[in-house]
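Visitor: So that we are looking at the same thing, I have put the structure below in structure tokens.
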Amino acid sequence: MAELELDRLSKHYAQTTALSELSLRIGPGELVSLLGPSGCGKTTALRIVAGFIQPDTGVVRIDGHVVNDVPPHQRNIGIVFQNYALFPHMTVYGNVAFGLKMRYVPAAELPRRVARAIELVRLVGLEHRYPNQLSGGQQQRVAVARAVVINPRVLLLDEPLSNLDAKLRVSTREELRQLQRELGVTTIFVTHDQDEALSISDRVAVMQSGRLEQVGTPEELYERPRTAFVAGFIGNSNQFQGHVVDAHPGGVSIEISGTETRIRAARSGDGQSPGRGAPVVVLVRPERITLRGVDYPVEGIEEHNCFVGRVFSRTFVGAVTRYRVNIDEGMTLTVDLPNVDGTRWNAGDRVRVGWRQENTVVIG
């Protein structure tokens, strides 16, 4: 297992900044996802680690050693590309063995290592098939086997599941995570899919416009986003602009811009309490909101965070029903309710909604 450090990496193309002062440390055996929209710099960072492109500034260290001038084939890094990049004229066995042959692994040792890699990805019996005789999921496994057979110090995965259908992606990412843990290899996983990143990662690094917005465990990013971008990119959320009108021992009171509405929050995304008058973004997750009939109180929720409104729309999305509620004070809320008791509200129904102040996140 190796420690990987990206230290102030920057990369520019003409007038475009692909990467700006990216610093990130990945511990031995850790799986960290680079998550963000297209063009945010995550693949550029991956290619710099691999040695395919050179950074304009900054260094890459593996176990404390700078590898900027080390050519890709000498870094002992395994890579799985988005399109798998399998050799069409080689069998499964030939594709997996290729990296070992390039490293002049003794002929007596090669079959054992190839067989072990093929066994790890559950392709025993398919050794003599060619890529065009395999399903997409099987091709992806071949690519993974080819990457891990060399016993890499670092494994790089560049959106390796994007070509698979939805159900296969879920099962394959679980297998990939299990394999990574079994091997204990330090791994960077690049994706634009938040569900993928949250489910597979020890930590997630959210990127935007070449910059690192926030890095943390999946739980930290979801529960305590530090920027409005992270809050909007990770999961669904209700967001409101406002400013702090009062600070109290339990948290802060916020007035929503354009209304006289005040809501209370117990915490901020970075753990700090913004001062009076500070402009803030207020975040409430849809599943944290309680919805009742207008004649019923929302128990356990103080009046500042309880509102009356009218259902605008209802959408069934499987495990939950998603309601859009227009609040009398001028806000619109999205509310996700689990489909457990058959209770439902229709468009036009008057309802009461509310949430606990500890479920309100304030971003200054």
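Residue names in the structure tokens use chain letters A, B, ... in the order shown, residue numbers from 1 in each chain, and ligand numbers from 1 in the order shown.
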DSSP on the backbone, then: every residue of segment 121-285 of chain A marked strand (DSSP E or B), written as an MDAnalysis selection string.

Guide: chainID A and resid 154:158 186:191 203:208 211:216 238:248 251:256 262:265 267:268 279:284

Visitor: Find the residues around Val311 of chain A up to 10 Å (only C-alpha atoms counted), leave out those fewer than 5 positions away in its own chain, and share them as a PyMOL selection string.

Guide: chain A and resi 323-327+332-334+345-352

Visitor: As number ranges by chain, which residues of segment 211-349 of chain A does DSSP assign to helix (DSSP H, G or I)?

Guide: A: 218-223, 228-233, 286-288, 303-305

Visitor: Write out as a ChimeraX atom specification each polymer residue whose atoms come within 9 Å of Ser162 of chain A, counting only C-alpha atoms; drop sequence neighbours fewer than 5 positions from it.

Guide: /A:82-83,169,191,193

Visitor: Write the residues you've just listed into a file as a PDB file, in the first residue's frame, and include N, CA and C atoms for each of them.

Guide:
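To be explicit, this is the file written out as result25.pdb:
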ATOM      1  N   GLN A  82     -12.140   4.628 -19.203  1.00  0.00           N
ATOM      2  CA  GLN A  82     -13.584   4.655 -19.387  1.00  0.00           C
ATOM      3  C   GLN A  82     -14.033   3.698 -20.488  1.00  0.00           C
ATOM      4  N   ASN A  83     -13.250   3.592 -21.564  1.00  0.00           N
ATOM      5  CA  ASN A  83     -13.619   2.715 -22.684  1.00  0.00           C
ATOM      6  C   ASN A  83     -12.912   1.360 -22.609  1.00  0.00           C
ATOM      7  N   ARG A 169     -24.312  -1.430 -13.097  1.00  0.00           N
ATOM      8  CA  ARG A 169     -23.395  -0.489 -12.455  1.00  0.00           C
ATOM      9  C   ARG A 169     -23.402  -0.681 -10.952  1.00  0.00           C
ATOM     10  N   THR A 191     -15.459  10.043 -11.156  1.00  0.00           N
ATOM     11  CA  THR A 191     -16.850   9.881 -11.565  1.00  0.00           C
ATOM     12  C   THR A 191     -17.578  11.219 -11.501  1.00  0.00           C
ATOM     13  N   ASP A 193     -20.953  10.785 -11.091  1.00  0.00           N
ATOM     14  CA  ASP A 193     -22.167  10.219 -10.514  1.00  0.00           C
ATOM     15  C   ASP A 193     -22.068  10.259  -8.990  1.00  0.00           C
TER      16      ASP A 193
END

Visitor: Skipping near chain neighbours, those fewer than 2 positions away, what residues fall within 10 Å of Leu120 of chain A using only C-alpha atoms, listed as number ranges by chain?

Guide: A: 114-118, 122-124, 141, 144-145, 148-149, 175, 179, 182-183

Visitor: Find the residues near Gly354 of chain A: any atom within 7 Å, counting only C-alpha atoms, skip ones fewer than 4 places away on the same chain, and give them as an NGL selection string.

Guide: :A and (289-291 or 298 or 301 or 305-307)

Visitor: Write the residues you've just listed into a file as a PDB file, in the first residue's frame, and include C-alpha atoms for each of them.

Guide:
ATOM      1  CA  ILE A 289     -39.022  17.720   6.403  1.00  0.00           C
ATOM      2  CA  THR A 290     -42.215  16.494   8.066  1.00  0.00           C
ATOM      3  CA  LEU A 291     -45.555  16.959   6.295  1.00  0.00           C
ATOM      4  CA  VAL A 298     -45.961  19.037  13.594  1.00  0.00           C
ATOM      5  CA  ILE A 301     -40.736  21.289  15.923  1.00  0.00           C
ATOM      6  CA  ASN A 305     -39.498  26.159  11.421  1.00  0.00           C
ATOM      7  CA  CYS A 306     -43.138  25.234  10.876  1.00  0.00           C
ATOM      8  CA  PHE A 307     -45.183  26.570   7.950  1.00  0.00           C
TER       9      PHE A 307
END

Visitor: Go ahead and compute the interatomic distance for atom CA of Tyr296 of chain A and atom CA of Ser313 of chain A, in Å to one decimal.

Guide: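 Computing it gives 20.6 Å between the two atoms.
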